[in-house]
$ cat protein_23.cif   # mmCIF, C-alpha atoms
data_final
loop_
_atom_site.label_atom_id
_atom_site.label_comp_id
_atom_site.auth_asym_id
_atom_site.auth_seq_id
_atom_site.Cartn_x
_atom_site.Cartn_y
_atom_site.Cartn_z
CA MET A 7 -117.21 242.18 85.70
CA TYR A 8 -118.84 245.29 84.25
CA ALA A 9 -121.46 244.99 81.52
CA VAL A 10 -119.67 245.56 78.20
CA PRO A 11 -121.15 249.02 77.38
CA ILE A 12 -120.09 250.28 80.84
CA ALA A 13 -116.62 248.75 80.52
CA GLN A 14 -116.20 250.42 77.13
CA LEU A 15 -117.28 253.78 78.51
CA ILE A 16 -114.86 253.47 81.45
CA GLU A 17 -112.12 252.62 78.97
CA GLU A 18 -112.82 255.75 76.90
CA PHE A 19 -112.62 257.96 79.96
CA ALA A 20 -109.47 256.20 81.20
CA LYS A 21 -107.69 257.24 77.99
CA MET A 22 -107.93 260.88 79.02
CA PRO A 23 -104.91 262.62 80.54
CA GLY A 24 -104.81 262.49 84.34
CA VAL A 25 -107.80 260.15 84.53
CA GLY A 26 -107.11 256.88 86.37
CA LYS A 27 -109.29 253.79 86.58
CA ARG A 28 -111.27 254.98 89.60
CA THR A 29 -111.94 258.44 88.17
CA ALA A 30 -112.95 256.84 84.87
CA GLU A 31 -115.47 254.68 86.73
CA ARG A 32 -116.86 257.73 88.52
CA LEU A 33 -117.22 259.64 85.24
CA ALA A 34 -118.88 256.65 83.54
CA TYR A 35 -121.43 256.39 86.34
CA TYR A 36 -122.03 260.11 86.04
CA VAL A 37 -122.91 259.64 82.37
CA LEU A 38 -125.22 256.71 83.15
CA LYS A 39 -127.03 258.84 85.71
CA LEU A 40 -127.73 261.61 83.17
CA SER A 41 -130.95 261.57 81.19
CA LYS A 42 -130.85 260.26 77.63
CA GLU A 43 -131.24 263.84 76.39
CA GLU A 44 -128.36 265.12 78.50
CA VAL A 45 -126.06 262.38 77.22
CA ALA A 46 -127.09 263.23 73.65
CA VAL A 47 -126.24 266.91 74.27
CA PHE A 48 -122.87 265.95 75.77
CA ALA A 49 -122.00 263.64 72.85
CA GLN A 50 -123.22 266.24 70.36
CA THR A 51 -121.15 269.01 71.98
CA MET A 52 -118.10 266.81 71.68
CA MET A 53 -118.65 266.04 67.99
CA GLN A 54 -119.53 269.64 67.17
CA ALA A 55 -116.45 271.03 68.91
CA LYS A 56 -114.31 268.60 66.94
CA GLU A 57 -116.09 269.45 63.69
CA LYS A 58 -116.24 273.24 64.02
CA ILE A 59 -112.87 273.90 65.62
CA THR A 60 -109.91 274.10 63.26
CA PHE A 61 -106.52 275.75 63.31
CA CYS A 62 -106.42 279.43 62.36
CA PRO A 63 -104.47 279.48 59.07
CA ILE A 64 -102.54 282.50 60.33
CA CYS A 65 -101.77 282.08 64.04
CA GLN A 66 -102.50 278.31 64.32
CA CYS A 67 -104.71 278.75 67.38
CA LEU A 68 -107.92 276.74 67.76
CA THR A 69 -110.87 278.63 66.33
CA ASP A 70 -114.32 278.32 64.77
CA ALA A 71 -113.71 281.37 62.51
CA ILE A 72 -111.23 281.61 59.64
CA PRO A 73 -109.10 283.58 60.25
CA CYS A 74 -109.60 283.61 64.03
CA GLU A 75 -111.15 286.47 65.98
CA LEU A 76 -107.76 287.79 67.09
CA CYS A 77 -106.12 287.66 63.66
CA SER A 78 -109.07 289.42 62.02
CA ASP A 79 -109.29 292.13 64.70
CA SER A 80 -108.14 295.36 63.02
CA LYS A 81 -107.67 297.00 66.43
CA ARG A 82 -104.88 294.61 67.27
CA ASP A 83 -101.29 295.34 66.34
CA GLN A 84 -100.56 292.84 63.57
CA SER A 85 -96.88 293.82 63.59
CA VAL A 86 -96.23 292.20 66.97
CA ILE A 87 -96.47 288.41 67.30
CA CYS A 88 -96.42 286.64 70.63
CA VAL A 89 -95.25 283.05 70.12
CA VAL A 90 -96.63 280.44 72.56
CA GLU A 91 -96.40 276.68 72.93
CA LYS A 92 -100.07 275.77 73.11
CA PRO A 93 -103.57 277.21 72.53
CA LYS A 94 -104.28 277.51 76.25
CA ASP A 95 -101.36 279.95 76.61
CA VAL A 96 -103.19 282.41 74.33
CA ILE A 97 -106.20 282.43 76.68
CA LYS A 98 -103.87 282.91 79.63
CA ILE A 99 -102.11 285.94 78.12
CA GLU A 100 -105.39 287.43 76.86
CA LYS A 101 -106.61 287.43 80.47
CA THR A 102 -103.90 289.93 81.44
CA ARG A 103 -105.48 292.44 78.96
CA GLU A 104 -101.94 293.81 78.56
CA PHE A 105 -101.15 292.52 75.11
CA LYS A 106 -102.66 294.05 71.99
CA GLY A 107 -100.67 292.22 69.29
CA THR A 108 -101.34 288.85 67.69
CA TYR A 109 -100.26 285.32 68.57
CA HIS A 110 -98.60 282.34 67.02
CA VAL A 111 -99.15 278.88 68.47
CA LEU A 112 -96.28 276.45 67.89
CA HIS A 113 -98.15 273.37 69.17
CA GLY A 114 -95.05 272.14 70.90
CA VAL A 115 -91.42 273.04 71.55
CA ILE A 116 -88.11 271.82 70.20
CA SER A 117 -87.15 268.85 72.37
CA PRO A 118 -84.38 266.61 71.02
CA MET A 119 -84.88 264.27 74.02
CA ASP A 120 -88.42 263.56 72.79
CA GLY A 121 -87.37 263.52 69.16
CA ILE A 122 -89.17 266.79 68.41
CA GLY A 123 -87.23 268.95 65.98
CA PRO A 124 -87.91 272.42 64.49
CA GLU A 125 -89.81 270.84 61.60
CA ASP A 126 -92.29 269.18 64.01
CA ILE A 127 -93.68 272.44 65.38
CA ARG A 128 -95.35 275.27 63.46
CA LEU A 129 -92.24 277.33 62.66
CA LYS A 130 -92.75 277.20 58.87
CA GLU A 131 -96.07 278.97 59.43
CA LEU A 132 -94.35 281.61 61.60
CA LEU A 133 -91.73 282.18 58.94
CA ALA A 134 -94.47 282.63 56.34
CA ARG A 135 -95.98 285.42 58.43
CA ILE A 136 -92.63 287.18 58.71
CA ALA A 137 -91.93 287.03 54.97
CA ASP A 138 -93.97 290.08 53.93
CA GLY A 139 -91.93 292.39 56.18
CA SER A 140 -94.86 293.80 58.18
CA VAL A 141 -93.81 292.24 61.48
CA ARG A 142 -91.51 294.30 63.69
CA GLU A 143 -91.39 292.26 66.89
CA VAL A 144 -91.69 288.62 67.86
CA ILE A 145 -92.17 287.97 71.59
CA MET A 146 -91.08 284.46 72.56
CA ALA A 147 -93.48 283.36 75.31
CA THR A 148 -92.42 279.73 75.41
CA ASN A 149 -92.00 278.30 78.91
CA PRO A 150 -88.84 279.21 80.88
CA ASN A 151 -87.45 275.67 80.87
CA LEU A 152 -84.82 273.91 78.74
CA GLU A 153 -87.11 273.20 75.77
CA GLY A 154 -88.75 276.62 75.86
CA GLU A 155 -85.39 278.42 75.99
CA THR A 156 -84.01 276.25 73.20
CA THR A 157 -87.01 277.06 71.03
CA ALA A 158 -86.70 280.78 71.79
CA MET A 159 -83.03 280.76 70.84
CA TYR A 160 -83.79 278.80 67.69
CA VAL A 161 -86.44 281.31 66.60
CA ALA A 162 -84.12 284.25 67.40
CA LYS A 163 -81.47 282.74 65.10
CA MET A 164 -84.03 281.83 62.46
CA LEU A 165 -85.33 285.41 62.31
CA LYS A 166 -81.88 287.11 62.43
CA PRO A 167 -81.78 287.71 58.61
CA PHE A 168 -85.13 289.57 58.78
CA ASN A 169 -83.89 292.25 61.17
CA ILE A 170 -86.85 291.77 63.49
CA LYS A 171 -86.74 292.45 67.22
CA VAL A 172 -87.07 289.08 68.95
CA THR A 173 -87.87 289.43 72.65
CA ARG A 174 -88.37 287.03 75.52
CA LEU A 175 -90.85 287.30 78.39
CA ALA A 176 -89.09 288.63 81.50
CA HIS A 177 -88.38 286.11 84.20
CA GLY A 178 -91.25 287.16 86.35
CA ILE A 179 -92.33 283.59 85.76
CA PRO A 180 -90.52 281.19 88.12
CA VAL A 181 -87.77 279.41 86.18
CA GLY A 182 -88.64 275.78 85.56
CA GLY A 183 -92.32 276.60 85.93
CA ASP A 184 -95.16 276.37 83.46
CA LEU A 185 -96.83 279.37 81.80
CA GLU A 186 -100.21 277.82 82.33
CA TYR A 187 -99.98 278.12 86.11
CA ALA A 188 -98.68 281.69 86.34
CA ASP A 189 -101.07 284.25 87.81
CA GLU A 190 -102.18 287.31 85.82
CA VAL A 191 -100.00 289.80 87.72
CA THR A 192 -96.84 287.76 87.22
CA LEU A 193 -97.62 287.38 83.55
CA THR A 194 -98.24 291.13 83.21
CA ARG A 195 -94.82 291.84 84.80
CA ALA A 196 -93.24 289.35 82.48
CA LEU A 197 -94.77 291.09 79.46
CA GLU A 198 -93.67 294.55 80.63
CA GLY A 199 -90.11 293.44 81.36
CA ARG A 200 -89.55 291.56 78.11
CA HIS A 201 -86.03 291.86 76.72
CA GLU A 202 -84.36 291.37 73.37
CA ILE A 203 -82.69 288.04 72.73
CA VAL A 204 -78.98 288.71 71.99
CA MET B 7 -112.33 284.17 75.34
CA TYR B 8 -112.70 280.60 74.07
CA ALA B 9 -114.42 279.93 70.75
CA VAL B 10 -118.03 278.97 71.56
CA PRO B 11 -117.79 275.24 70.68
CA ILE B 12 -114.73 274.90 72.94
CA ALA B 13 -116.39 276.84 75.76
CA GLN B 14 -119.44 274.57 75.51
CA LEU B 15 -117.29 271.46 75.63
CA ILE B 16 -115.39 272.75 78.68
CA GLU B 17 -118.73 273.47 80.32
CA GLU B 18 -119.97 269.90 79.71
CA PHE B 19 -116.82 268.44 81.29
CA ALA B 20 -116.97 270.88 84.20
CA LYS B 21 -120.39 269.47 85.13
CA MET B 22 -118.79 266.13 85.99
CA PRO B 23 -118.12 265.23 89.63
CA GLY B 24 -114.64 266.18 90.81
CA VAL B 25 -113.83 268.02 87.59
CA GLY B 26 -112.84 271.67 88.08
CA LYS B 27 -112.39 274.37 85.44
CA ARG B 28 -108.75 273.56 84.74
CA THR B 29 -109.34 269.81 84.44
CA ALA B 30 -112.33 270.50 82.18
CA GLU B 31 -110.07 272.59 79.92
CA ARG B 32 -107.50 269.82 79.79
CA LEU B 33 -110.15 267.22 78.90
CA ALA B 34 -111.65 269.50 76.23
CA TYR B 35 -108.24 269.95 74.60
CA TYR B 36 -107.76 266.19 74.77
CA VAL B 37 -110.96 265.74 72.77
CA LEU B 38 -109.92 268.39 70.23
CA LYS B 39 -106.61 266.58 69.75
CA LEU B 40 -108.34 263.27 68.92
CA SER B 41 -109.12 262.40 65.32
CA LYS B 42 -112.68 262.95 64.10
CA GLU B 43 -113.17 259.17 64.12
CA GLU B 44 -111.95 258.82 67.70
CA VAL B 45 -114.31 261.55 68.88
CA ALA B 46 -117.18 259.82 67.06
CA VAL B 47 -116.33 256.52 68.80
CA PHE B 48 -116.16 258.28 72.18
CA ALA B 49 -119.52 260.02 71.65
CA GLN B 50 -121.06 256.80 70.33
CA THR B 51 -119.80 254.79 73.33
CA MET B 52 -121.41 257.32 75.62
CA MET B 53 -124.79 257.18 73.86
CA GLN B 54 -124.72 253.40 73.56
CA ALA B 55 -123.89 252.89 77.23
CA LYS B 56 -126.81 255.14 78.13
CA GLU B 57 -129.11 253.36 75.69
CA LYS B 58 -128.18 249.75 76.45
CA ILE B 59 -127.70 249.94 80.19
CA THR B 60 -130.82 249.65 82.31
CA PHE B 61 -131.63 248.56 85.83
CA CYS B 62 -131.94 244.82 86.39
CA PRO B 63 -135.66 244.33 87.24
CA ILE B 64 -134.61 241.96 90.05
CA CYS B 65 -131.48 243.29 91.78
CA GLN B 66 -131.60 246.87 90.39
CA CYS B 67 -127.95 246.82 89.32
CA LEU B 68 -126.87 248.39 86.03
CA THR B 69 -126.93 245.81 83.24
CA ASP B 70 -127.29 245.27 79.50
CA ALA B 71 -129.10 241.92 80.03
CA ILE B 72 -132.54 241.41 81.57
CA PRO B 73 -132.35 239.96 84.14
CA CYS B 74 -128.67 240.69 84.78
CA GLU B 75 -125.88 238.14 84.51
CA LEU B 76 -125.76 237.60 88.27
CA CYS B 77 -129.52 237.21 88.76
CA SER B 78 -129.78 234.73 85.88
CA ASP B 79 -126.77 232.64 87.03
CA SER B 80 -128.18 229.32 88.28
CA LYS B 81 -124.88 228.54 90.06
CA ARG B 82 -125.41 231.46 92.43
CA ASP B 83 -127.35 231.07 95.64
CA GLN B 84 -130.57 232.97 95.00
CA SER B 85 -131.59 232.57 98.64
CA VAL B 86 -128.94 234.99 99.89
CA ILE B 87 -129.19 238.68 98.99
CA CYS B 88 -126.37 241.11 99.66
CA VAL B 89 -127.82 244.64 99.86
CA VAL B 90 -125.53 247.49 98.75
CA GLU B 91 -125.86 251.24 98.29
CA LYS B 92 -124.62 251.62 94.72
CA PRO B 93 -123.78 249.59 91.58
CA LYS B 94 -120.03 250.01 92.09
CA ASP B 95 -120.26 248.16 95.42
CA VAL B 96 -121.40 245.02 93.55
CA ILE B 97 -118.22 245.09 91.45
CA LYS B 98 -116.16 245.60 94.60
CA ILE B 99 -117.66 242.61 96.41
CA GLU B 100 -117.50 240.42 93.29
CA LYS B 101 -113.75 241.03 93.22
CA THR B 102 -113.34 239.21 96.55
CA ARG B 103 -114.70 236.02 94.88
CA GLU B 104 -116.03 235.13 98.33
CA PHE B 105 -119.71 235.73 97.77
CA LYS B 106 -121.87 233.36 95.78
CA GLY B 107 -125.31 234.80 96.46
CA THR B 108 -127.13 237.62 94.67
CA TYR B 109 -127.25 241.36 95.19
CA HIS B 110 -129.71 244.16 95.67
CA VAL B 111 -128.74 247.74 94.87
CA LEU B 112 -130.63 250.37 96.87
CA HIS B 113 -129.33 253.35 94.86
CA GLY B 114 -128.92 255.37 98.02
CA VAL B 115 -129.39 255.16 101.78
CA ILE B 116 -131.94 256.53 104.19
CA SER B 117 -130.72 260.00 105.13
CA PRO B 118 -133.25 262.26 106.84
CA MET B 119 -130.68 265.12 106.78
CA ASP B 120 -130.77 265.03 102.97
CA GLY B 121 -134.51 264.40 102.86
CA ILE B 122 -134.06 260.82 101.64
CA GLY B 123 -136.62 258.48 103.19
CA PRO B 124 -137.19 254.71 102.84
CA GLU B 125 -139.52 255.32 99.88
CA ASP B 126 -136.74 257.11 97.94
CA ILE B 127 -134.46 254.04 97.72
CA ARG B 128 -135.25 250.65 96.19
CA LEU B 129 -136.67 248.95 99.26
CA LYS B 130 -140.06 248.15 97.65
CA GLU B 131 -138.15 246.09 95.09
CA LEU B 132 -136.27 244.27 97.86
CA LEU B 133 -139.53 243.52 99.65
CA ALA B 134 -140.97 242.12 96.41
CA ARG B 135 -138.06 239.66 96.19
CA ILE B 136 -138.64 238.52 99.76
CA ALA B 137 -142.37 237.93 99.27
CA ASP B 138 -142.17 234.45 97.70
CA GLY B 139 -140.37 233.03 100.76
CA SER B 140 -137.33 231.69 98.91
CA VAL B 141 -134.85 234.08 100.53
CA ARG B 142 -133.22 232.90 103.76
CA GLU B 143 -130.61 235.59 104.40
CA VAL B 144 -130.20 239.28 103.65
CA ILE B 145 -126.66 240.66 104.16
CA MET B 146 -126.70 244.41 104.74
CA ALA B 147 -123.53 245.73 103.09
CA THR B 148 -124.39 249.42 103.36
CA ASN B 149 -121.50 251.62 104.51
CA PRO B 150 -120.56 251.63 108.21
CA ASN B 151 -121.61 255.25 108.76
CA LEU B 152 -124.73 256.86 110.21
CA GLU B 153 -126.86 256.56 107.05
CA GLY B 154 -125.67 253.03 106.26
CA GLU B 155 -126.38 251.81 109.80
CA THR B 156 -129.78 253.50 109.84
CA THR B 157 -130.68 251.81 106.55
CA ALA B 158 -129.47 248.42 107.84
CA MET B 159 -131.58 248.78 110.99
CA TYR B 160 -134.59 249.86 108.93
CA VAL B 161 -134.30 246.81 106.66
CA ALA B 162 -133.85 244.49 109.66
CA LYS B 163 -137.08 245.82 111.14
CA MET B 164 -138.87 245.75 107.80
CA LEU B 165 -137.99 242.06 107.29
CA LYS B 166 -138.74 240.98 110.86
CA PRO B 167 -142.22 239.56 109.95
CA PHE B 168 -140.66 237.31 107.28
CA ASN B 169 -138.41 235.42 109.71
CA ILE B 170 -135.34 235.97 107.53
CA LYS B 171 -131.80 236.16 108.86
CA VAL B 172 -130.64 239.76 108.38
CA THR B 173 -126.87 240.09 108.79
CA ARG B 174 -124.43 242.96 108.67
CA LEU B 175 -120.89 242.99 107.27
CA ALA B 176 -118.36 242.63 110.11
CA HIS B 177 -116.52 245.77 111.07
CA GLY B 178 -113.41 244.82 109.24
CA ILE B 179 -114.19 247.97 107.34
CA PRO B 180 -112.99 251.05 109.23
CA VAL B 181 -116.00 252.75 110.85
CA GLY B 182 -116.88 255.99 109.08
CA GLY B 183 -115.15 254.75 105.93
CA ASP B 184 -116.54 254.02 102.51
CA LEU B 185 -117.05 250.51 101.08
CA GLU B 186 -115.68 251.63 97.77
CA TYR B 187 -112.20 252.22 99.18
CA ALA B 188 -111.85 249.01 101.21
CA ASP B 189 -109.25 246.52 99.94
CA GLU B 190 -110.25 242.98 98.94
CA VAL B 191 -108.81 241.30 102.08
CA THR B 192 -110.65 243.63 104.44
CA LEU B 193 -113.86 243.07 102.52
CA THR B 194 -113.37 239.29 102.64
CA ARG B 195 -112.91 239.45 106.45
CA ALA B 196 -116.00 241.58 106.69
CA LEU B 197 -118.00 239.00 104.73
CA GLU B 198 -116.72 236.08 106.83
CA GLY B 199 -117.39 237.82 110.14
CA ARG B 200 -120.89 239.01 109.29
CA HIS B 201 -123.33 238.91 112.21
CA GLU B 202 -127.07 238.90 112.68
CA ILE B 203 -128.77 242.22 113.33
CA VAL B 204 -130.60 241.92 116.70
#
$ encode --input "protein_23.cif" --output "structure tokens"
Amino acid sequence: MYAVPIAQLIEEFAKMPGVGKRTAERLAYYVLKLSKEEVAVFAQTMMQAKEKITFCPICQCLTDAIPCELCSDSKRDQSVICVVEKPKDVIKIEKTREFKGTYHVLHGVISPMDGIGPEDIRLKELLARIADGSVREVIMATNPNLEGETTAMYVAKMLKPFNIKVTRLAHGIPVGGDLEYADEVTLTRALEGRHEIV
Amino acid sequence: MYAVPIAQLIEEFAKMPGVGKRTAERLAYYVLKLSKEEVAVFAQTMMQAKEKITFCPICQCLTDAIPCELCSDSKRDQSVICVVEKPKDVIKIEKTREFKGTYHVLHGVISPMDGIGPEDIRLKELLARIADGSVREVIMATNPNLEGETTAMYVAKMLKPFNIKVTRLAHGIPVGGDLEYADEVTLTRALEGRHEIV
């Protein structure tokens, strides 16, 4: 029913997470209503972000600098690593202004139900950072649900031989919830009350 | 906090209708997770849609053919014009398979509150189609709200000198509602029960 270029555009938008057919149509019409220049800027921004943004070779976060701003910041405590599931979690914790260490993004959690094992997330890269002996604490800030807890326990066991303190964010965060939706105050409490994994 | 290219991408998404900051972040991360090729296709689709899609010089709908598929279809009754507010409404009415005439997209409605007068919507173009005397009926399918009714009345008065039947969709559509959200059956009833504007 739609002209082919419109149908294709709707299809591209409909591939996005949380975007249904009707929303995709609305977004496509939004693009068609923009000026040619505005569409070019939008498309360009998309390509540039994809081109310029890579994973930090140290913490695995998304960055346009190598290493990333946080990893190359000499004012930050490089001996403390906060391990999170996804890049957005770094932004969320940074907003509390309570944490002065560095991060490590796993890009996932161990989830046998989904067929995701320890080798599918960036644990090798975490281990590599531990190897030189300069790290004294690893804070496991994975989500307080089954997969997050499993991953935290796995890392605690993995790092046992290195004699490193492995801590877990305090349960200020509602159990079963998602880190992404916690407010700054709750997250700050969770950081303060972190405890060692036995 | 975000690397500049990511922040820019989030900003572009946040400009879209109904897309808040959090959704924009999610969409930006979706793009970053695509392969370089997939992002290129997405960006290309956007630019191509904008480049290829223009207004049909007759009915003013969005099309990649000039005139559009519907206006150039000899099987359709060119003497009946269904007038709608926006391009999406054409798709919606086409889905009922009940209408075999042509369309005219106004790209808006008369709305003095928003400073939109008759000269701001495509009424001149409608008048031009009427001029040759081949049109016998104009169905006003603007929404059944204040602006839609005002526009329908305005068109009825405007076409009075031409001795053309000007009809209105029956109120199968809930008053105060939006054409876009009506189901096919309701829309079909509305088409069948259309009545002449006095």
$ resolve_selection --input "protein_23.cif" --expression "the PyMOL selection byres ((chain A) within 8 of (chain B))" --output "VMD selection string"
chain A and resid 7 to 12 14 to 15 18 22 to 23 32 to 33 36 to 38 42 45 to 46 48 to 59 68 to 70 97 100
$ atom_distance --input "protein_23.cif" --atom1 "CA of Arg200 (chain B)" --atom2 "CA of Pro73 (chain B)"
27.7 Å
$ atom_distance --input "protein_23.cif" --atom1 "CA of Asn169 (chain B)" --atom2 "CA of Leu133 (chain B)"
13.0 Å
$ atom_distance --input "protein_23.cif" --atom1 "CA of Asp120 (chain B)" --atom2 "CA of Glu153 (chain B)"
10.2 Å
$ residues_around --input "protein_23.cif" --residues "Ser140 (chain B)" --least-positions-apart "2" --cutoff "10 Å" --atoms "only C-alpha atoms" --output "number ranges by chain"
B: 84-86, 135-138, 142-143, 170
$ residues_around --input "protein_23.cif" --residues "Asp79 (chain A)" --least-positions-apart "6" --cutoff "12 Å" --atoms "only C-alpha atoms" --output "list of chain:residue names"
A:Ala71, A:Ile72, A:Pro73, A:Lys106, A:Gly107, A:Thr108, A:Tyr109
$ residues_around --input "protein_23.cif" --residues "Leu129 (chain A)" --least-positions-apart "6" --cutoff "12 Å" --atoms "all atoms listed in the file" --output "NGL selection string"
:A and (64-66 or 89-91 or 110-116 or 123 or 135-136 or 157-158 or 160-162 or 164-165)
$ resolve_selection --input "protein_23.cif" --expression "the PyMOL selection byres ((chain B and resi 191) around 12)" --output "list of chain:residue names"
B:Lys98, B:Ile99, B:Lys101, B:Thr102, B:Arg103, B:Glu104, B:Gly178, B:Ile179, B:Tyr187, B:Ala188, B:Asp189, B:Glu190, B:Thr192, B:Leu193, B:Thr194, B:Arg195, B:Ala196, B:Leu197, B:Glu198
$ write_last_selection --input "protein_23.cif" --atoms "C-alpha atoms" --output "tab-separated table (two decimals), in the coordinates of the input"
chain	number	residue	atom	x	y	z
B	98	LYS	CA	-116.16	245.60	94.60
B	99	ILE	CA	-117.66	242.61	96.41
B	101	LYS	CA	-113.75	241.03	93.22
B	102	THR	CA	-113.34	239.21	96.55
B	103	ARG	CA	-114.70	236.02	94.88
B	104	GLU	CA	-116.03	235.13	98.33
B	178	GLY	CA	-113.41	244.82	109.24
B	179	ILE	CA	-114.19	247.97	107.34
B	187	TYR	CA	-112.20	252.22	99.18
B	188	ALA	CA	-111.85	249.01	101.21
B	189	ASP	CA	-109.25	246.52	99.94
B	190	GLU	CA	-110.25	242.98	98.94
B	192	THR	CA	-110.65	243.63	104.44
B	193	LEU	CA	-113.86	243.07	102.52
B	194	THR	CA	-113.37	239.29	102.64
B	195	ARG	CA	-112.91	239.45	106.45
B	196	ALA	CA	-116.00	241.58	106.69
B	197	LEU	CA	-118.00	239.00	104.73
B	198	GLU	CA	-116.72	236.08	106.83
$ residues_around --input "protein_23.cif" --residues "region 201-203 of chain A" --least-positions-apart "3" --cutoff "7 Å" --atoms "all atoms listed in the file" --output "PyMOL selection string"
chain A and resi 162+171-176
$ write_last_selection --input "protein_23.cif" --atoms "C-alpha atoms" --output "CSV table (one decimal), in the coordinates of the input"
chain,number,residue,atom,x,y,z
A,162,ALA,CA,-84.1,284.2,67.4
A,171,LYS,CA,-86.7,292.4,67.2
A,172,VAL,CA,-87.1,289.1,69.0
A,173,THR,CA,-87.9,289.4,72.6
A,174,ARG,CA,-88.4,287.0,75.5
A,175,LEU,CA,-90.8,287.3,78.4
A,176,ALA,CA,-89.1,288.6,81.5
$ closest_residue --input "protein_23.cif" --among "B:Asp83, B:Met146, B:Gly139, B:Glu155" --to "Ser117 (chain B)" --atoms "only C-alpha atoms"
B:Glu155
$ build_atoms --input "protein_23.cif" --residues "region 180-192 of chain B" --atoms "N, CA, C and O atoms" --output "PDB file, keeping the file's coordinate frame"
ATOM      1  N   PRO B 180    -113.135 249.981 108.236  1.00  0.00           N
ATOM      2  CA  PRO B 180    -112.990 251.050 109.230  1.00  0.00           C
ATOM      3  C   PRO B 180    -114.299 251.824 109.380  1.00  0.00           C
ATOM      4  O   PRO B 180    -114.901 252.211 108.374  1.00  0.00           O
ATOM      5  N   VAL B 181    -114.750 252.032 110.606  1.00  0.00           N
ATOM      6  CA  VAL B 181    -116.000 252.750 110.850  1.00  0.00           C
ATOM      7  C   VAL B 181    -115.876 254.198 110.332  1.00  0.00           C
ATOM      8  O   VAL B 181    -114.854 254.842 110.516  1.00  0.00           O
ATOM      9  N   GLY B 182    -116.916 254.648 109.663  1.00  0.00           N
ATOM     10  CA  GLY B 182    -116.880 255.990 109.080  1.00  0.00           C
ATOM     11  C   GLY B 182    -116.289 256.001 107.686  1.00  0.00           C
ATOM     12  O   GLY B 182    -116.296 257.004 106.991  1.00  0.00           O
ATOM     13  N   GLY B 183    -115.775 254.844 107.257  1.00  0.00           N
ATOM     14  CA  GLY B 183    -115.150 254.750 105.930  1.00  0.00           C
ATOM     15  C   GLY B 183    -116.159 254.493 104.839  1.00  0.00           C
ATOM     16  O   GLY B 183    -117.372 254.488 105.088  1.00  0.00           O
ATOM     17  N   ASP B 184    -115.673 254.237 103.659  1.00  0.00           N
ATOM     18  CA  ASP B 184    -116.540 254.020 102.510  1.00  0.00           C
ATOM     19  C   ASP B 184    -116.208 252.666 101.884  1.00  0.00           C
ATOM     20  O   ASP B 184    -115.037 252.352 101.663  1.00  0.00           O
ATOM     21  N   LEU B 185    -117.220 251.852 101.635  1.00  0.00           N
ATOM     22  CA  LEU B 185    -117.050 250.510 101.080  1.00  0.00           C
ATOM     23  C   LEU B 185    -116.185 250.520  99.837  1.00  0.00           C
ATOM     24  O   LEU B 185    -115.371 249.631  99.613  1.00  0.00           O
ATOM     25  N   GLU B 186    -116.364 251.563  99.053  1.00  0.00           N
ATOM     26  CA  GLU B 186    -115.680 251.630  97.770  1.00  0.00           C
ATOM     27  C   GLU B 186    -114.161 251.608  97.903  1.00  0.00           C
ATOM     28  O   GLU B 186    -113.465 251.201  96.993  1.00  0.00           O
ATOM     29  N   TYR B 187    -113.653 252.100  99.034  1.00  0.00           N
ATOM     30  CA  TYR B 187    -112.200 252.220  99.180  1.00  0.00           C
ATOM     31  C   TYR B 187    -111.587 251.096 100.014  1.00  0.00           C
ATOM     32  O   TYR B 187    -110.399 251.124 100.291  1.00  0.00           O
ATOM     33  N   ALA B 188    -112.394 250.123 100.436  1.00  0.00           N
ATOM     34  CA  ALA B 188    -111.850 249.010 101.210  1.00  0.00           C
ATOM     35  C   ALA B 188    -111.083 248.073 100.275  1.00  0.00           C
ATOM     36  O   ALA B 188    -111.463 247.875  99.129  1.00  0.00           O
ATOM     37  N   ASP B 189    -109.984 247.467 100.774  1.00  0.00           N
ATOM     38  CA  ASP B 189    -109.250 246.520  99.940  1.00  0.00           C
ATOM     39  C   ASP B 189    -109.930 245.149  99.996  1.00  0.00           C
ATOM     40  O   ASP B 189    -110.751 244.885 100.875  1.00  0.00           O
ATOM     41  N   GLU B 190    -109.585 244.283  99.069  1.00  0.00           N
ATOM     42  CA  GLU B 190    -110.250 242.980  98.940  1.00  0.00           C
ATOM     43  C   GLU B 190    -110.173 242.153 100.226  1.00  0.00           C
ATOM     44  O   GLU B 190    -111.136 241.529 100.642  1.00  0.00           O
ATOM     45  N   VAL B 191    -108.998 242.119 100.865  1.00  0.00           N
ATOM     46  CA  VAL B 191    -108.810 241.300 102.080  1.00  0.00           C
ATOM     47  C   VAL B 191    -109.752 241.775 103.183  1.00  0.00           C
ATOM     48  O   VAL B 191    -110.455 240.966 103.801  1.00  0.00           O
ATOM     49  N   THR B 192    -109.774 243.072 103.407  1.00  0.00           N
ATOM     50  CA  THR B 192    -110.650 243.630 104.440  1.00  0.00           C
ATOM     51  C   THR B 192    -112.103 243.266 104.147  1.00  0.00           C
ATOM     52  O   THR B 192    -112.849 242.864 105.042  1.00  0.00           O
TER      53      THR B 192
END
